[in-house]
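Shown next: my_file03.txt, given as compact mmCIF, C-alpha atoms and all ligand atoms.
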```
# COMPACT_ATOMS: atom_id res chain seq x y z
CA MET A 1 0.00 0.00 0.00
CA THR A 2 1.33 3.42 -0.90
CA ASP A 3 0.62 6.10 1.65
CA THR A 4 0.89 9.73 0.61
CA SER A 5 -1.76 11.08 2.92
CA SER A 6 0.27 10.85 6.15
CA ASP A 7 -2.91 9.49 7.68
CA THR A 8 -1.70 8.18 11.02
CA ALA A 9 -4.91 6.22 11.56
CA THR A 10 -3.94 3.71 8.89
CA ARG A 11 -0.15 3.72 8.69
CA ASP A 12 2.75 2.43 10.77
CA GLN A 13 6.52 2.84 10.31
CA PHE A 14 6.55 0.00 7.76
CA THR A 15 3.92 1.48 5.42
CA PHE A 16 5.34 2.12 1.94
CA SER A 17 5.29 5.91 1.59
CA ASP A 18 6.70 8.80 -0.43
CA PRO A 19 8.97 10.48 2.17
CA THR A 20 8.56 13.89 0.51
CA LYS A 21 4.83 13.70 1.19
CA LEU A 22 4.84 12.43 4.76
CA TYR A 23 3.75 14.93 7.41
CA ALA A 24 2.49 17.40 4.85
CA ARG A 25 -0.27 18.27 7.30
CA ILE A 26 2.05 19.42 10.08
CA ASP A 27 2.35 23.19 9.80
CA THR A 28 5.69 24.25 11.34
CA GLU A 29 4.58 27.80 11.97
CA GLU A 30 6.34 30.63 13.81
CA GLN A 31 6.12 30.24 17.60
CA TYR A 32 8.21 30.66 20.75
CA GLN A 33 8.34 29.06 24.20
CA SER A 34 10.62 30.02 27.10
CA GLY A 35 12.65 27.50 29.13
CA PRO A 36 13.11 24.00 27.71
CA GLY A 37 9.69 24.18 26.00
CA LEU A 38 6.85 21.70 26.28
CA ASP A 39 5.60 19.30 23.65
CA ARG A 40 2.14 19.95 25.12
CA ASP A 41 2.34 23.64 24.22
CA MET A 42 3.56 23.35 20.63
CA GLN A 43 1.02 24.89 18.28
CA GLU A 44 1.55 22.02 15.87
CA ARG A 45 2.26 18.87 17.86
CA ALA A 46 5.23 16.79 16.78
CA ASP A 47 4.60 13.17 15.80
CA LEU A 48 6.20 10.88 18.38
CA GLY A 49 4.77 7.76 16.77
CA GLU A 50 1.98 7.54 19.34
CA GLN A 51 -0.45 6.29 16.67
CA THR A 52 2.02 4.59 14.35
CA TYR A 53 5.01 2.88 15.98
CA ARG A 54 4.53 -0.89 15.90
CA GLY A 55 6.89 -3.03 17.98
CA SER A 56 8.18 -6.45 16.96
CA GLY A 57 9.99 -7.78 20.04
CA ARG A 58 13.39 -6.28 19.32
CA LEU A 59 14.15 -5.18 22.92
CA VAL A 60 12.30 -7.74 25.02
CA GLY A 61 13.30 -7.61 28.68
CA ARG A 62 15.75 -4.75 28.21
CA LYS A 63 16.14 -1.89 30.74
CA ALA A 64 16.72 1.55 29.30
CA LEU A 65 17.52 5.02 30.63
CA ILE A 66 16.75 7.82 28.15
CA THR A 67 17.73 11.40 29.03
CA GLY A 68 15.32 13.98 27.64
CA GLY A 69 12.81 11.13 27.31
CA ASP A 70 9.81 13.38 27.98
CA SER A 71 9.48 14.90 24.51
CA GLY A 72 10.84 15.10 20.99
CA ILE A 73 13.36 12.51 19.84
CA GLY A 74 13.79 11.03 23.33
CA GLY A 75 10.02 10.77 23.81
CA ALA A 76 9.58 8.98 20.48
CA THR A 77 12.44 6.65 21.41
CA ALA A 78 10.85 5.90 24.80
CA ILE A 79 7.56 4.94 23.13
CA ALA A 80 9.35 2.74 20.58
CA PHE A 81 11.55 1.03 23.20
CA ALA A 82 8.50 0.19 25.34
CA ARG A 83 6.61 -1.22 22.35
CA GLU A 84 9.72 -3.31 21.53
CA GLY A 85 9.51 -4.81 25.03
CA ALA A 86 11.83 -2.67 27.19
CA ASP A 87 11.21 -1.10 30.59
CA VAL A 88 12.11 2.58 30.36
CA ALA A 89 13.33 5.28 32.75
CA ILE A 90 13.14 8.85 31.47
CA SER A 91 15.04 11.90 32.71
CA TYR A 92 13.85 15.48 32.20
CA LEU A 93 13.64 18.88 33.89
CA PRO A 94 11.01 19.27 36.66
CA GLU A 95 9.05 21.85 34.62
CA GLU A 96 8.54 19.19 31.94
CA GLU A 97 6.45 16.95 34.25
CA PRO A 98 3.27 17.12 32.07
CA ASP A 99 5.16 15.87 29.01
CA ALA A 100 6.90 13.18 31.08
CA GLN A 101 3.60 11.90 32.49
CA ARG A 102 2.19 11.57 28.98
CA ILE A 103 5.16 9.48 27.85
CA ALA A 104 5.03 7.39 31.04
CA ALA A 105 1.36 6.62 30.33
CA LEU A 106 2.25 5.49 26.80
CA ILE A 107 4.99 3.23 28.22
CA HIS A 108 2.42 1.73 30.62
CA ASP A 109 -0.02 1.26 27.74
CA ALA A 110 2.65 -0.88 26.07
CA GLY A 111 2.65 -3.10 29.17
CA ARG A 112 6.06 -1.97 30.40
CA THR A 113 7.45 -0.27 33.52
CA ALA A 114 7.97 3.50 33.32
CA VAL A 115 10.27 5.32 35.77
CA CYS A 116 10.14 9.14 35.87
CA LEU A 117 13.30 10.88 37.12
CA PRO A 118 13.06 14.70 37.08
CA GLY A 119 16.18 16.76 37.77
CA ASP A 120 18.89 18.95 36.27
CA ILE A 121 21.71 17.08 34.52
CA THR A 122 24.00 20.12 34.65
CA ASP A 123 24.60 18.96 38.26
CA PRO A 124 27.08 16.05 38.37
CA ALA A 125 25.68 14.81 41.72
CA PHE A 126 22.20 14.59 40.16
CA CYS A 127 23.63 12.66 37.17
CA ARG A 128 25.06 10.03 39.53
CA ASP A 129 21.81 9.81 41.49
CA LEU A 130 19.80 9.58 38.25
CA VAL A 131 21.71 6.52 37.08
CA GLN A 132 21.48 4.87 40.51
CA GLN A 133 17.72 5.52 40.67
CA ALA A 134 17.20 4.15 37.16
CA ALA A 135 19.22 0.99 37.86
CA THR A 136 17.48 0.42 41.21
CA GLN A 137 13.94 0.98 39.96
CA LEU A 138 14.46 -0.99 36.72
CA ASP A 139 16.40 -3.69 38.59
CA GLY A 140 19.38 -3.23 36.25
CA LEU A 141 20.38 -1.22 33.22
CA ASP A 142 21.47 -2.37 29.75
CA ILE A 143 20.60 0.55 27.43
CA LEU A 144 21.71 4.15 27.96
CA VAL A 145 20.50 6.83 25.56
CA ASN A 146 22.31 10.13 26.17
CA ASN A 147 19.86 12.39 24.38
CA ALA A 148 19.14 15.49 26.51
CA GLY A 149 20.32 18.69 24.91
CA LYS A 150 20.25 22.48 25.04
CA GLN A 151 20.23 24.67 21.91
CA GLN A 152 19.87 28.47 21.96
CA ASN A 153 20.53 30.42 18.77
CA ARG A 154 22.56 33.65 19.00
CA PRO A 155 23.47 35.92 16.10
CA SER A 156 27.18 36.03 16.92
CA LEU A 157 29.92 34.80 19.26
CA GLU A 158 29.80 38.08 21.19
CA GLU A 159 26.19 37.37 22.12
CA ILE A 160 26.86 33.99 23.70
CA SER A 161 27.03 34.75 27.43
CA ASP A 162 29.38 32.86 29.73
CA GLU A 163 26.27 31.45 31.44
CA GLN A 164 24.83 30.10 28.17
CA LEU A 165 28.18 28.63 27.13
CA ASP A 166 28.55 26.87 30.49
CA GLU A 167 24.98 25.50 30.43
CA THR A 168 25.27 24.25 26.86
CA LEU A 169 28.58 22.50 27.53
CA ARG A 170 27.34 20.96 30.78
CA THR A 171 24.00 19.78 29.38
CA ASN A 172 25.26 18.44 26.06
CA ILE A 173 28.69 17.01 26.78
CA SER A 174 29.72 17.10 30.48
CA ALA A 175 26.51 15.31 31.55
CA MET A 176 27.25 12.62 28.98
CA PHE A 177 30.55 11.96 30.77
CA TRP A 178 28.98 12.02 34.25
CA ILE A 179 26.00 9.81 33.35
CA THR A 180 27.98 7.30 31.30
CA LYS A 181 30.68 7.05 33.96
CA ALA A 182 28.05 6.33 36.61
CA ALA A 183 26.31 3.79 34.35
CA LEU A 184 29.36 1.65 33.64
CA LYS A 185 29.18 -0.37 36.85
CA HIS A 186 25.62 -1.42 35.96
CA LEU A 187 26.06 -2.23 32.24
CA PRO A 188 26.62 -5.91 31.41
CA ALA A 189 28.30 -7.27 28.27
CA GLY A 190 25.72 -6.86 25.50
CA ALA A 191 24.63 -3.47 26.79
CA THR A 192 24.38 -0.56 24.36
CA ILE A 193 24.92 3.19 24.59
CA VAL A 194 23.44 5.56 22.00
CA ASN A 195 24.37 9.25 22.03
CA THR A 196 22.41 11.95 20.21
CA THR A 197 24.68 14.16 18.15
CA SER A 198 23.62 16.36 15.17
CA ILE A 199 24.24 17.45 11.58
CA GLN A 200 25.70 20.45 13.41
CA ALA A 201 28.76 18.30 14.18
CA TYR A 202 29.75 18.58 10.48
CA SER A 203 27.92 21.70 9.28
CA PRO A 204 27.97 24.19 12.14
CA SER A 205 25.53 27.09 11.83
CA PRO A 206 27.08 30.52 12.50
CA THR A 207 24.21 31.08 14.95
CA LEU A 208 24.83 27.89 16.98
CA LEU A 209 28.54 28.05 17.76
CA ASP A 210 28.38 26.70 21.32
CA TYR A 211 25.81 24.01 20.49
CA ALA A 212 27.57 22.83 17.33
CA ALA A 213 30.89 22.54 19.19
CA THR A 214 29.27 20.16 21.71
CA LYS A 215 27.90 18.03 18.89
CA GLY A 216 31.38 17.72 17.37
CA ALA A 217 32.59 16.67 20.82
CA ILE A 218 29.81 14.07 21.12
CA ASN A 219 30.86 12.43 17.83
CA ASN A 220 34.45 12.30 19.03
CA PHE A 221 33.46 11.00 22.49
CA THR A 222 31.28 8.33 20.86
CA LYS A 223 34.16 6.97 18.77
CA GLY A 224 36.69 7.01 21.62
CA LEU A 225 34.28 5.48 24.13
CA ALA A 226 33.27 2.84 21.58
CA ALA A 227 36.91 1.78 21.26
CA SER A 228 37.29 1.78 25.03
CA LEU A 229 34.21 -0.34 25.77
CA ALA A 230 34.11 -2.71 22.78
CA PRO A 231 36.46 -5.26 24.44
CA LYS A 232 33.96 -5.43 27.33
CA GLY A 233 31.11 -6.21 24.91
CA ILE A 234 29.46 -2.81 25.36
CA ARG A 235 28.69 -1.07 22.06
CA VAL A 236 28.58 2.70 21.72
CA ASN A 237 27.08 4.48 18.70
CA ALA A 238 25.42 7.79 17.87
CA VAL A 239 22.44 9.13 15.95
CA ALA A 240 22.88 12.44 14.11
CA PRO A 241 19.50 14.06 13.40
CA GLY A 242 18.93 16.82 10.87
CA PRO A 243 16.18 19.40 11.52
CA ILE A 244 13.50 17.70 13.62
CA TRP A 245 10.26 19.33 14.79
CA THR A 246 10.60 19.34 18.61
CA PRO A 247 10.12 21.69 21.61
CA LEU A 248 13.86 22.49 21.60
CA GLN A 249 13.46 24.14 18.20
CA THR A 250 10.47 26.22 19.31
CA ALA A 251 12.20 27.27 22.57
CA GLY A 252 14.99 29.33 20.99
CA GLY A 253 16.73 26.58 19.06
CA GLN A 254 15.99 28.62 15.93
CA PRO A 255 14.81 32.22 15.53
CA PRO A 256 10.97 31.87 15.55
CA GLU A 257 10.59 33.56 12.17
CA GLU A 258 12.81 30.91 10.56
CA LEU A 259 10.83 27.93 11.87
CA PRO A 260 8.53 27.67 8.84
CA SER A 261 11.46 27.37 6.40
CA VAL A 262 14.16 25.39 8.27
CA GLY A 263 13.18 22.03 6.80
CA GLU A 264 13.50 23.30 3.23
CA GLY A 265 17.29 22.86 3.36
CA THR A 266 17.00 19.07 3.35
CA GLY A 267 16.77 16.79 0.31
CA LEU A 268 13.21 15.88 1.24
CA GLY A 269 12.37 19.56 1.64
CA ARG A 270 10.71 19.32 5.04
CA TRP A 271 11.29 18.99 8.79
CA GLY A 272 11.73 15.48 10.14
CA GLN A 273 9.47 14.19 12.91
CA PRO A 274 10.66 12.49 16.12
CA ALA A 275 8.82 9.32 15.02
CA GLU A 276 11.27 9.06 12.11
CA LEU A 277 14.25 8.97 14.52
CA ALA A 278 13.06 6.22 16.89
CA PRO A 279 13.85 3.27 14.54
CA ALA A 280 17.50 4.36 14.36
CA PHE A 281 17.76 4.27 18.17
CA VAL A 282 16.00 0.89 18.28
CA PHE A 283 18.45 -0.54 15.72
CA LEU A 284 21.54 0.70 17.57
CA ALA A 285 20.18 -0.40 20.98
CA SER A 286 19.21 -3.90 19.90
CA PRO A 287 21.42 -6.98 19.35
CA GLU A 288 20.66 -6.88 15.60
CA SER A 289 23.39 -4.20 15.34
CA SER A 290 25.91 -6.49 17.12
CA TYR A 291 28.83 -5.60 14.76
CA VAL A 292 28.07 -1.86 14.57
CA VAL A 293 30.48 -0.01 16.86
CA GLY A 294 31.46 3.67 16.98
CA GLU A 295 29.10 4.52 14.10
CA THR A 296 27.14 7.73 13.63
CA LEU A 297 23.83 7.03 11.92
CA ASN A 298 22.67 10.17 10.09
CA VAL A 299 18.90 10.70 9.99
CA ASN A 300 18.68 14.04 8.28
CA GLY A 301 16.38 13.97 5.27
CA GLY A 302 19.29 14.06 2.83
CA MET A 303 21.67 16.74 4.08
CA THR A 304 25.29 16.16 3.11
CA SER A 305 27.19 14.35 5.84
CA PRO A 306 30.50 12.45 5.96
P1 LIG A 401 13.43 18.19 23.15
O1 LIG A 401 13.30 19.55 23.69
O2 LIG A 401 12.20 17.39 22.99
O3 LIG A 401 14.42 17.33 24.05
C1 LIG A 401 15.53 17.85 24.74
C2 LIG A 401 15.40 17.39 26.18
O4 LIG A 401 16.61 17.69 26.87
C3 LIG A 401 14.31 18.10 26.95
O5 LIG A 401 13.08 17.43 26.83
C4 LIG A 401 14.83 18.08 28.37
O6 LIG A 401 14.18 17.09 29.12
C5 LIG A 401 16.29 17.69 28.23
N1 LIG A 401 17.13 18.65 28.95
C6 LIG A 401 17.60 19.85 28.52
N2 LIG A 401 18.30 20.44 29.49
C7 LIG A 401 18.28 19.60 30.56
C8 LIG A 401 18.83 19.67 31.88
N3 LIG A 401 19.58 20.71 32.28
N4 LIG A 401 18.56 18.64 32.73
C9 LIG A 401 17.81 17.58 32.34
N5 LIG A 401 17.29 17.46 31.09
C10 LIG A 401 17.52 18.47 30.23
O7 LIG A 401 14.21 18.34 21.78
P2 LIG A 401 14.90 17.29 20.80
O8 LIG A 401 15.13 18.04 19.57
O9 LIG A 401 14.17 16.01 20.76
O10 LIG A 401 16.32 17.07 21.47
C11 LIG A 401 16.86 15.79 21.76
C12 LIG A 401 18.30 15.72 21.28
O11 LIG A 401 18.31 15.79 19.87
C13 LIG A 401 19.19 16.87 21.77
O12 LIG A 401 20.45 16.33 22.14
C14 LIG A 401 19.35 17.72 20.54
O13 LIG A 401 20.56 18.44 20.55
C15 LIG A 401 19.34 16.66 19.47
N6 LIG A 401 19.09 17.15 18.11
C16 LIG A 401 17.91 17.74 17.82
C17 LIG A 401 17.71 18.20 16.54
C18 LIG A 401 16.43 18.88 16.14
O14 LIG A 401 16.38 19.43 15.05
N7 LIG A 401 15.40 18.86 16.96
C19 LIG A 401 18.70 18.05 15.57
C20 LIG A 401 19.89 17.42 15.91
C21 LIG A 401 20.07 16.97 17.19
MG MG A 402 11.09 18.16 26.83
```
Show the structure stored in the file as structure tokens.
Amino acid sequence: MTDTSSDTATRDQFTFSDPTKLYARIDTEEQYQSGPGLDRDMQERADLGEQTYRGSGRLVGRKALITGGDSGIGGATAIAFAREGADVAISYLPEEEPDAQRIAALIHDAGRTAVCLPGDITDPAFCRDLVQQAATQLDGLDILVNNAGKQQNRPSLEEISDEQLDETLRTNISAMFWITKAALKHLPAGATIVNTTSIQAYSPSPTLLDYAATKGAINNFTKGLAASLAPKGIRVNAVAPGPIWTPLQTAGGQPPEELPSVGEGTGLGRWGQPAELAPAFVFLASPESSYVVGETLNVNGGMTSP
């Protein structure tokens, strides 16, 4: 069956579709939210695969911690992991509780355990506690998705405050070190780590200098950590999204007036949706990718990447 209508009532992620026509109904209009932004308050809700993601037993019995699992790419990944059979802990900021509760309910609907762990990952002590809480409440841990991120556009280097620089570095890269370091004692051979990087690692925007630098660092960290942990049977990989319609983008990730046109720079000519990212995380988390190590899987609608 060919689907060009993007009718989520009848399609799932396996439905044969023209990717230029998918999501034609989602209007990525100008809007702005302060703070991290809520999925709930987006004028045009992102598609997290709520109606479409169909599991097929690829993560049965697994125990996953997903940072930023309340919304966007992490939220879509949480839904997919649960439908593939995993119990899932999600981390997020306290002000994102409504989004987190919605994702937790979807995890429960899939028949899996959901663990909600609010807190600020710019605090290394919280990062350690987060991992301990996840491992205790899930009774183990064998998937870590380092996905939380901060992105604030600024017209020039001079306009990036010391505070913003520090927060971006801590959220996007330092927390990845703190959380992964704390997770190692829980992860058995066979466990998988998936880090969220970005097209910005290769094609930095002049307006995202601090953010793009962290994404370059994440790619580098992923490759080095992969080499370090492969002999222990722990695989580390990354997913590099292109422009994806999420709260981060509507909360200062892009200038609001540019939101309607950002997706036009891709080969497919549109924004991606979080639901289109989740299968990449499932693949890298599951044993089917057993010989894939230190890879960055680009999911960017056809932007040029190495
Ligand atoms: P999102 O806003 O849905 O998710 C980001 C999450 O990060 C938030 O939900 C929040 O819970 C978490 N977070 C931020 N600061 C935090 C803090 N101090 N403590 C705890 N949690 C914190 O947006 P998204 O686009 O799905 O972002 C997920 C990842 O994808 C990020 O790493 C982002 O850089 C990356 N990414 C996004 C795009 C895109 O176009 N949306 C493109 C490339 C990469
Ligand atoms: Mg969020």
Site check for ligand MG 402 (chain A): residues at most 9 Å away, only C-alpha atoms and all ligand atoms, as an NGL selection string: :A and (36-39 or 68-72 or 74-75 or 92-93 or 95-97 or 99-100 or 148 or 246-248)
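With distances restricted to all atoms listed in the file, A:Ala230 is the closest residue to A:Gly294 from A:Arg102, A:Asp139, A:Ala230, A:Gly267.
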For A:Asn219: contacts at 12 Å, all atoms listed in the file, fewer than 2 positions along chain excluded, given as an mmCIF file with C-alpha atoms, in the frame of the given file:
```cif
data_model
loop_
_atom_site.group_PDB
_atom_site.id
_atom_site.type_symbol
_atom_site.label_atom_id
_atom_site.label_comp_id
_atom_site.auth_asym_id
_atom_site.auth_seq_id
_atom_site.Cartn_x
_atom_site.Cartn_y
_atom_site.Cartn_z
ATOM 1 C CA ASN A 172 25.260 18.440 26.060
ATOM 2 C CA ILE A 173 28.690 17.010 26.780
ATOM 3 C CA MET A 176 27.250 12.620 28.980
ATOM 4 C CA VAL A 194 23.440 5.560 22.000
ATOM 5 C CA ASN A 195 24.370 9.250 22.030
ATOM 6 C CA THR A 196 22.410 11.950 20.210
ATOM 7 C CA THR A 197 24.680 14.160 18.150
ATOM 8 C CA SER A 198 23.620 16.360 15.170
ATOM 9 C CA ILE A 199 24.240 17.450 11.580
ATOM 10 C CA GLN A 200 25.700 20.450 13.410
ATOM 11 C CA ALA A 201 28.760 18.300 14.180
ATOM 12 C CA TYR A 202 29.750 18.580 10.480
ATOM 13 C CA ALA A 212 27.570 22.830 17.330
ATOM 14 C CA ALA A 213 30.890 22.540 19.190
ATOM 15 C CA THR A 214 29.270 20.160 21.710
ATOM 16 C CA LYS A 215 27.900 18.030 18.890
ATOM 17 C CA GLY A 216 31.380 17.720 17.370
ATOM 18 C CA ALA A 217 32.590 16.670 20.820
ATOM 19 C CA PHE A 221 33.460 11.000 22.490
ATOM 20 C CA THR A 222 31.280 8.330 20.860
ATOM 21 C CA LYS A 223 34.160 6.970 18.770
ATOM 22 C CA GLY A 224 36.690 7.010 21.620
ATOM 23 C CA LEU A 225 34.280 5.480 24.130
ATOM 24 C CA ALA A 226 33.270 2.840 21.580
ATOM 25 C CA VAL A 236 28.580 2.700 21.720
ATOM 26 C CA ASN A 237 27.080 4.480 18.700
ATOM 27 C CA ALA A 238 25.420 7.790 17.870
ATOM 28 C CA VAL A 239 22.440 9.130 15.950
ATOM 29 C CA ALA A 240 22.880 12.440 14.110
ATOM 30 C CA GLY A 294 31.460 3.670 16.980
ATOM 31 C CA GLU A 295 29.100 4.520 14.100
ATOM 32 C CA THR A 296 27.140 7.730 13.630
ATOM 33 C CA LEU A 297 23.830 7.030 11.920
ATOM 34 C CA ASN A 298 22.670 10.170 10.090
ATOM 35 C CA PRO A 306 30.500 12.450 5.960
#
```
Using all atoms listed in the file: which of A:Asp12, A:Glu159, A:Glu30, A:Asp210 has the shortest distance to ligand LIG 401 (chain A): A:Asp210
Report, as lines of an AutoDock Vina configuration file, the axis-aligned box around all atoms of ligand LIG 401 (chain A) present in the file, extended by 4 Å on each side; give centre and edge lengths in Å to one decimal place.
```
center_x = 16.4
center_y = 18.2
center_z = 23.9
size_x = 16.4
size_y = 13.0
size_z = 25.7
```
Residues near A:Ile66, cut-off 8 Å, all atoms listed in the file, skip fewer than 4 positions along chain, as JSON, numbers by chain: {"A": [74, 78, 88, 89, 90, 91, 144, 145, 146, 147]}
Contact residues around A:Gln137 with all atoms listed in the file at 10 Å, ignoring same-chain residues under 2 positions, as a PyMOL selection string: chain A and resi 63+87-89+113-116+131-135+139-141
Interatomic distance (Å, one decimal) between atom CA of A:Thr250 and atom CA of A:Tyr32: 5.2 Å
Exercise: A:Asp120 partners within 12 Å, all atoms listed in the file, chain neighbours under 2 positions left out, as a count of residues only: 28
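Among A:Ser305, A:Gln151, A:Gln101, A:Ser161, the residue with the shortest atom-to-atom distance to ligand LIG 401 (chain A), counting all atoms listed in the file, is A:Gln151.
Note that atom CA of A:Gly85 and atom CA of A:Arg45 are 25.8 Å apart.
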